[in-house]
>>> print(open('start_38.pdb').read())   # PDB, C-alpha atoms
ATOM      1  CA  VAL I   1       0.000   0.000   0.000
ATOM      2  CA  SER I   2       1.455   3.408  -1.026
ATOM      3  CA  PRO I   3       0.281   6.941  -0.004
ATOM      4  CA  LEU I   4      -0.538   9.413  -2.813
ATOM      5  CA  TRP I   5       0.487  12.701  -1.193
ATOM      6  CA  LYS I   6       3.561  14.815  -0.834
ATOM      7  CA  PRO I   7       5.343  15.373   2.468
ATOM      8  CA  GLY I   8       3.288  17.711   4.709
ATOM      9  CA  GLU I   9       0.024  17.214   2.789
ATOM     10  CA  THR I  10      -3.139  15.852   4.356
ATOM     11  CA  PRO I  11      -3.749  12.203   3.421
ATOM     12  CA  THR I  12      -6.411  11.968   0.733
ATOM     13  CA  SER I  13      -6.118   8.475  -0.769
ATOM     14  CA  HIS I  14      -4.013   5.327  -0.989
ATOM     15  CA  ILE I  15      -3.228   2.917  -3.780
ATOM     16  CA  ALA I  16      -3.198  -0.794  -3.096
ATOM     17  CA  ILE I  17      -1.594  -3.438  -5.366
ATOM     18  CA  VAL I  18      -2.851  -7.013  -5.191
ATOM     19  CA  GLN I  19      -0.881  -9.784  -6.899
ATOM     20  CA  ASP I  20      -1.949 -13.373  -7.486
ATOM     21  CA  ILE I  21       0.816 -15.582  -6.022
ATOM     22  CA  THR I  22      -1.093 -18.854  -6.302
ATOM     23  CA  PHE I  23       1.420 -20.333  -8.753
ATOM     24  CA  GLU I  24       4.422 -19.338  -6.631
ATOM     25  CA  LYS I  25       2.731 -20.717  -3.518
ATOM     26  CA  GLU I  26       1.910 -24.008  -5.221
ATOM     27  CA  ALA I  27       5.448 -24.268  -6.579
ATOM     28  CA  SER I  28       6.864 -23.605  -3.112
ATOM     29  CA  ASP I  29       4.598 -26.234  -1.552
ATOM     30  CA  LEU I  30       5.593 -28.712  -4.274
ATOM     31  CA  ILE I  31       9.280 -28.143  -3.544
ATOM     32  CA  VAL I  32       8.716 -28.697   0.182
ATOM     33  CA  LYS I  33       6.766 -31.910  -0.464
ATOM     34  CA  SER I  34       9.411 -33.133  -2.903
ATOM     35  CA  GLU I  35      12.167 -32.515  -0.354
ATOM     36  CA  GLU I  36      10.154 -34.316   2.317
ATOM     37  CA  ARG I  37       9.637 -37.323   0.031
ATOM     38  CA  PHE I  38      13.339 -37.410  -0.862
ATOM     39  CA  LYS I  39      14.302 -37.193   2.815
ATOM     40  CA  SER I  40      11.890 -40.005   3.653
ATOM     41  CA  LEU I  41      13.234 -42.196   0.839
ATOM     42  CA  PHE I  42      16.785 -41.488   1.983
ATOM     43  CA  GLN I  43      16.258 -42.050   5.700
ATOM     44  CA  ASP I  44      13.965 -45.087   5.382
ATOM     45  CA  SER I  45      15.877 -46.894   2.623
ATOM     46  CA  PRO I  46      16.602 -50.580   3.372
ATOM     47  CA  LEU I  47      20.176 -49.905   2.211
ATOM     48  CA  GLY I  48      22.679 -47.921   4.212
ATOM     49  CA  LEU I  49      23.136 -44.607   2.373
ATOM     50  CA  TRP I  50      25.956 -42.117   2.832
ATOM     51  CA  GLU I  51      26.154 -38.692   1.208
ATOM     52  CA  GLU I  52      29.800 -37.607   1.161
ATOM     53  CA  ASP I  53      31.971 -34.745  -0.084
ATOM     54  CA  PHE I  54      35.317 -35.749  -1.649
ATOM     55  CA  SER I  55      36.157 -32.304  -3.081
ATOM     56  CA  ASP I  56      39.071 -31.705  -0.668
ATOM     57  CA  VAL I  57      40.329 -35.217  -1.362
ATOM     58  CA  ILE I  58      40.594 -34.791  -5.133
ATOM     59  CA  LYS I  59      42.366 -31.441  -4.670
ATOM     60  CA  TYR I  60      44.850 -33.104  -2.328
ATOM     61  CA  LEU I  61      45.500 -36.061  -4.645
ATOM     62  CA  LYS I  62      46.236 -33.778  -7.596
ATOM     63  CA  GLY I  63      49.440 -32.819  -5.796
ATOM     64  CA  PHE I  64      50.916 -36.271  -6.409
ATOM     65  CA  GLU I  65      51.929 -38.162  -9.539
ATOM     66  CA  ILE I  66      49.379 -40.952  -9.205
ATOM     67  CA  PRO I  67      48.814 -43.335 -12.156
ATOM     68  CA  THR I  68      45.454 -42.869 -13.862
ATOM     69  CA  ASP I  69      45.028 -46.576 -14.549
ATOM     70  CA  PHE I  70      42.715 -48.076 -11.891
ATOM     71  CA  ASN I  71      44.851 -51.109 -11.021
ATOM     72  CA  GLN I  72      48.081 -49.105 -11.003
ATOM     73  CA  ALA I  73      46.449 -46.437  -8.826
ATOM     74  CA  LEU I  74      45.270 -49.173  -6.465
ATOM     75  CA  THR I  75      48.834 -50.435  -6.123
ATOM     76  CA  TYR I  76      50.032 -46.872  -5.532
ATOM     77  CA  PHE I  77      47.624 -46.279  -2.639
ATOM     78  CA  GLU I  78      48.446 -49.641  -1.078
ATOM     79  CA  ALA I  79      52.095 -48.546  -1.021
ATOM     80  CA  HIS I  80      51.374 -45.055   0.410
ATOM     81  CA  PRO I  81      49.363 -45.400   3.634
ATOM     82  CA  ASP I  82      50.284 -41.839   4.685
ATOM     83  CA  ILE I  83      48.544 -40.375   1.613
ATOM     84  CA  VAL I  84      45.535 -42.628   2.198
ATOM     85  CA  ALA I  85      45.288 -41.552   5.843
ATOM     86  CA  GLU I  86      45.359 -37.856   4.926
ATOM     87  CA  ALA I  87      42.786 -38.419   2.183
ATOM     88  CA  ALA I  88      40.482 -40.109   4.698
ATOM     89  CA  ARG I  89      40.744 -37.120   7.026
ATOM     90  CA  ARG I  90      39.615 -34.834   4.199
ATOM     91  CA  VAL I  91      36.377 -36.700   3.459
ATOM     92  CA  LYS I  92      33.300 -34.832   4.706
ATOM     93  CA  ILE I  93      30.235 -36.903   5.551
ATOM     94  CA  ILE I  94      27.191 -34.765   4.760
ATOM     95  CA  ASP I  95      24.462 -37.148   5.870
ATOM     96  CA  ILE I  96      23.698 -40.789   6.630
ATOM     97  CA  ASN I  97      20.419 -42.647   6.915
ATOM     98  CA  ASN I  98      18.914 -44.786   9.649
ATOM     99  CA  ARG I  99      20.118 -48.057   8.128
ATOM    100  CA  CYS I 100      23.738 -46.878   8.407
ATOM    101  CA  VAL I 101      23.313 -46.410  12.127
ATOM    102  CA  GLU I 102      21.831 -49.917  12.434
ATOM    103  CA  LEU I 103      24.670 -51.501  10.445
ATOM    104  CA  HIS I 104      27.434 -49.825  12.441
ATOM    105  CA  ALA I 105      25.948 -50.013  15.934
ATOM    106  CA  PRO I 106      27.108 -49.472  18.641
ATOM    107  CA  ARG I 107      28.571 -46.420  16.900
ATOM    108  CA  THR I 108      26.135 -43.505  17.070
ATOM    109  CA  ARG I 109      24.948 -41.244  14.257
ATOM    110  CA  GLU I 110      27.093 -38.430  15.657
ATOM    111  CA  GLU I 111      30.198 -40.643  15.670
ATOM    112  CA  LEU I 112      29.596 -41.765  12.083
ATOM    113  CA  LEU I 113      29.134 -38.179  10.886
ATOM    114  CA  CYS I 114      32.511 -37.177  12.341
ATOM    115  CA  GLY I 115      34.467 -38.833   9.522
ATOM    116  CA  LEU I 116      35.705 -42.009   7.873
ATOM    117  CA  GLU I 117      38.822 -42.635   9.945
ATOM    118  CA  PRO I 118      37.187 -44.785  12.659
ATOM    119  CA  LEU I 119      35.448 -46.848   9.987
ATOM    120  CA  LEU I 120      38.734 -47.589   8.238
ATOM    121  CA  ASP I 121      39.905 -49.123  11.485
ATOM    122  CA  ASP I 122      36.963 -51.536  11.186
ATOM    123  CA  GLY I 123      38.793 -53.391   8.426
ATOM    124  CA  ASN I 124      37.663 -51.817   5.164
ATOM    125  CA  ILE I 125      40.780 -49.860   4.247
ATOM    126  CA  GLU I 126      41.011 -51.857   0.989
ATOM    127  CA  VAL I 127      37.624 -50.506  -0.061
ATOM    128  CA  PHE I 128      38.830 -46.952   0.526
ATOM    129  CA  HIS I 129      41.841 -47.710  -1.681
ATOM    130  CA  SER I 130      39.371 -48.639  -4.414
ATOM    131  CA  GLN I 131      37.416 -45.408  -3.916
ATOM    132  CA  LEU I 132      40.570 -43.320  -4.296
ATOM    133  CA  ALA I 133      41.682 -45.324  -7.328
ATOM    134  CA  ALA I 134      38.258 -44.774  -8.907
ATOM    135  CA  MET I 135      38.583 -41.028  -8.406
ATOM    136  CA  VAL I 136      41.980 -40.617 -10.051
ATOM    137  CA  SER I 137      41.154 -43.035 -12.893
ATOM    138  CA  GLY I 138      37.808 -41.452 -13.754
ATOM    139  CA  VAL I 139      35.634 -44.404 -12.751
ATOM    140  CA  PRO I 140      32.267 -42.868 -11.723
ATOM    141  CA  ARG I 141      30.892 -45.936  -9.927
ATOM    142  CA  PHE I 142      31.788 -49.405  -8.699
ATOM    143  CA  VAL I 143      30.467 -52.150  -6.417
ATOM    144  CA  THR I 144      32.560 -54.383  -4.190
ATOM    145  CA  GLU I 145      32.385 -56.577  -1.108
ATOM    146  CA  THR I 146      34.247 -56.291   2.163
ATOM    147  CA  LYS I 147      34.193 -57.559   5.726
ATOM    148  CA  ILE I 148      33.485 -55.067   8.523
ATOM    149  CA  ARG I 149      34.595 -55.459  12.120
ATOM    150  CA  LYS I 150      32.567 -53.520  14.687
ATOM    151  CA  PRO I 151      34.098 -52.040  17.864
ATOM    152  CA  ASN I 152      32.507 -54.874  19.867
ATOM    153  CA  GLY I 153      34.374 -57.449  17.758
ATOM    154  CA  GLU I 154      31.358 -58.550  15.699
ATOM    155  CA  GLU I 155      32.081 -59.067  11.985
ATOM    156  CA  PHE I 156      29.742 -59.038   9.021
ATOM    157  CA  ASP I 157      30.029 -59.174   5.232
ATOM    158  CA  MET I 158      29.114 -55.950   3.464
ATOM    159  CA  SER I 159      28.293 -55.026  -0.109
ATOM    160  CA  LEU I 160      29.402 -51.471  -0.908
ATOM    161  CA  GLY I 161      28.615 -49.317  -3.913
ATOM    162  CA  TRP I 162      30.211 -45.953  -4.681
ATOM    163  CA  THR I 163      28.882 -43.481  -7.241
ATOM    164  CA  VAL I 164      29.450 -39.830  -8.120
ATOM    165  CA  MET I 165      26.224 -37.854  -8.530
ATOM    166  CA  ARG I 166      25.559 -36.562 -12.037
ATOM    167  CA  GLY I 167      26.948 -33.079 -12.550
ATOM    168  CA  HIS I 168      29.585 -33.500  -9.835
ATOM    169  CA  GLU I 169      32.042 -35.713 -11.712
ATOM    170  CA  ASP I 170      34.791 -33.067 -11.671
ATOM    171  CA  SER I 171      34.444 -31.694  -8.139
ATOM    172  CA  PHE I 172      33.446 -34.936  -6.360
ATOM    173  CA  ASP I 173      31.547 -32.803  -3.854
ATOM    174  CA  ARG I 174      28.527 -35.112  -3.977
ATOM    175  CA  VAL I 175      29.237 -38.825  -3.712
ATOM    176  CA  VAL I 176      26.683 -41.441  -2.683
ATOM    177  CA  VAL I 177      27.789 -44.653  -1.010
ATOM    178  CA  PHE I 178      25.342 -47.490  -0.409
ATOM    179  CA  THR I 179      26.029 -50.411   1.891
ATOM    180  CA  ASP I 180      24.184 -53.572   2.843
ATOM    181  CA  ASP I 181      24.733 -56.518   5.173
ATOM    182  CA  ILE I 182      25.135 -59.619   2.979
ATOM    183  CA  THR I 183      26.284 -62.005   5.719
ATOM    184  CA  GLN I 184      23.287 -64.302   5.294
ATOM    185  CA  GLN I 185      23.638 -64.364   1.503
ATOM    186  CA  LYS I 186      27.352 -65.216   1.773
ATOM    187  CA  ALA I 187      26.574 -67.970   4.273
ATOM    188  CA  ALA I 188      23.912 -69.405   1.937
ATOM    189  CA  GLN I 189      26.372 -69.342  -0.975
ATOM    190  CA  GLN I 190      28.955 -71.179   1.120
ATOM    191  CA  ILE I 191      26.399 -73.848   2.012
ATOM    192  CA  ILE I 192      25.755 -74.407  -1.703
ATOM    193  CA  VAL I 193      29.507 -74.602  -2.429
ATOM    194  CA  ASN I 194      30.051 -77.077   0.415
ATOM    195  CA  SER I 195      27.083 -79.165  -0.691
ATOM    196  CA  ARG I 196      28.367 -79.340  -4.268
ATOM    197  CA  GLN I 197      31.830 -80.284  -3.048
ATOM    198  CA  ARG I 198      30.410 -83.115  -0.953
ATOM    199  CA  LEU I 199      28.406 -84.319  -3.957
ATOM    200  CA  GLU I 200      31.478 -84.252  -6.221
ATOM    201  CA  ASN I 201      33.489 -86.165  -3.630
ATOM    202  CA  LEU I 202      30.755 -88.785  -3.515
ATOM    203  CA  LEU I 203      30.537 -89.074  -7.310
ATOM    204  CA  ASN I 204      34.302 -89.475  -7.568
ATOM    205  CA  THR I 205      34.038 -92.696  -5.550
ATOM    206  CA  ILE I 206      31.681 -94.334  -8.065
ATOM    207  CA  GLU I 207      33.285 -97.061 -10.220
ATOM    208  CA  GLY I 208      32.350 -95.541 -13.539
ATOM    209  CA  ILE I 209      32.248 -92.326 -15.509
ATOM    210  CA  VAL I 210      29.837 -89.717 -14.208
ATOM    211  CA  TRP I 211      29.379 -86.446 -16.027
ATOM    212  CA  GLU I 212      27.131 -83.410 -16.024
ATOM    213  CA  CYS I 213      26.507 -81.376 -19.173
ATOM    214  CA  ASN I 214      24.207 -78.821 -20.752
ATOM    215  CA  SER I 215      21.463 -80.723 -22.580
ATOM    216  CA  GLU I 216      21.396 -78.194 -25.429
ATOM    217  CA  THR I 217      25.060 -77.302 -25.971
ATOM    218  CA  LEU I 218      26.564 -80.501 -24.476
ATOM    219  CA  ASP I 219      29.103 -78.333 -22.625
ATOM    220  CA  LEU I 220      30.506 -80.421 -19.786
ATOM    221  CA  HIS I 221      30.190 -79.016 -16.267
ATOM    222  CA  PHE I 222      31.548 -81.993 -14.332
ATOM    223  CA  ILE I 223      33.377 -85.249 -15.066
ATOM    224  CA  SER I 224      34.241 -87.684 -12.288
ATOM    225  CA  ALA I 225      37.822 -88.500 -11.326
ATOM    226  CA  LYS I 226      37.412 -92.140 -12.413
ATOM    227  CA  THR I 227      37.588 -90.921 -16.037
ATOM    228  CA  GLU I 228      41.387 -90.882 -15.883
ATOM    229  CA  GLN I 229      41.593 -94.422 -14.501
ATOM    230  CA  ILE I 230      39.095 -95.882 -16.962
ATOM    231  CA  LEU I 231      39.945 -93.979 -20.164
ATOM    232  CA  GLY I 232      43.596 -93.182 -19.459
ATOM    233  CA  TYR I 233      43.450 -89.399 -19.719
ATOM    234  CA  THR I 234      42.406 -86.559 -17.483
ATOM    235  CA  PRO I 235      39.093 -84.763 -18.154
ATOM    236  CA  THR I 236      39.413 -81.235 -19.598
TER     237      THR I 236
END
>>> encode(input="start_38.pdb", output="structure tokens")
Amino acid sequence: VSPLWKPGETPTSHIAIVQDITFEKEASDLIVKSEERFKSLFQDSPLGLWEEDFSDVIKYLKGFEIPTDFNQALTYFEAHPDIVAEAARRVKIIDINNRCVELHAPRTREELLCGLEPLLDDGNIEVFHSQLAAMVSGVPRFVTETKIRKPNGEEFDMSLGWTVMRGHEDSFDRVVVFTDDITQQKAAQQIIVNSRQRLENLLNTIEGIVWECNSETLDLHFISAKTEQILGYTPT
């Protein structure tokens, strides 16, 4: 509202301007709802999610002559623990979700947000080597497996994925790491391996040739050890 008189004059009238802000209000509400949905998806994800900032790390690493080949870079970091330790100190953890806290209990959310260094003591330093090698070699994402040791001595198998968010490939200031406990899956796989080994050992005691093959391609998957004794040559 604006007055329509000069200084010292008696007020006679006012002018009022009314503007329709329905669109702006709806857009603002939509943004808020979108952020709330994203936060809910992030916090309630069944995977452990980490949002991290590696921008100081990449700046630090550019000061060294590190090979840009992934495997060579991996060897370099394995041979330079001092560089790896400093790089770990430069990682900023922006946010973590509820599943992360569950996976790394008894560590608290506050402890996890303080940095990566305590986590590297849990036995996953090799995974961090891979993250650094991915950065210097231009690999935007990878998935690996590792074994984590908690402060209470408990160990579990973990699947870990590392990806740079689109648009941040040069600065590395937005990196998403997802983790999951795969201990049960690994145990189930080992049971299958052990079961197959026991079956093969049993088949190798049979006085005859036993084989397993693909019914369509006839590719052999297994031939018993008695093949050598009966036919005079080893199975290939």
>>> atom_distance(input="start_38.pdb", atom1="CA of Gly138 in chain I", atom2="CA of Glu169 in chain I")
8.4 Å
>>> atom_distance(input="start_38.pdb", atom1="CA of His129 in chain I", atom2="CA of Phe77 in chain I")
6.0 Å
>>> residues_around(input="start_38.pdb", residues="Asn201 in chain I", least_positions_apart="4", cutoff="12 Å", atoms="all atoms listed in the file", output="ChimeraX atom specification")
/I:194-197,205-206,210,222-226
>>> closest_residue(input="start_38.pdb", among="I:Val101, I:Leu199, I:Val177, I:Val136", to="Leu49 in chain I", atoms="all atoms listed in the file")
I:Val177
>>> atom_distance(input="start_38.pdb", atom1="CA of Thr146 in chain I", atom2="CA of Ile125 in chain I")
9.4 Å
>>> residues_around(input="start_38.pdb", residues="Ile182 in chain I", least_positions_apart="6", cutoff="7 Å", atoms="all atoms listed in the file", output="MDAnalysis selection string")
chainID I and resid 157:159
>>> resolve_selection(input="start_38.pdb", expression="the PyMOL selection byres ((chain I and resi 144) around 8)", output="ChimeraX atom specification")
/I:127,142-143,145-146,159-161
>>> closest_residue(input="start_38.pdb", among="I:His168, I:Arg198, I:Lys92, I:Lys25", to="Val57 in chain I", atoms="only C-alpha atoms")
I:Lys92
>>> residues_around(input="start_38.pdb", residues="range 104-109 of chain I", least_positions_apart="3", cutoff="9 Å", atoms="all atoms listed in the file", output="ChimeraX atom specification")
/I:96-101,112-114,119,148,150-152
>>> closest_residue(input="start_38.pdb", among="I:Asn204, I:Phe64, I:Leu116, I:Ser215", to="Gln229 in chain I", atoms="only C-alpha atoms")
I:Asn204
>>> closest_residue(input="start_38.pdb", among="I:Tyr76, I:Tyr60, I:Trp50, I:Phe156", to="Phe178 in chain I", atoms="only C-alpha atoms")
I:Trp50
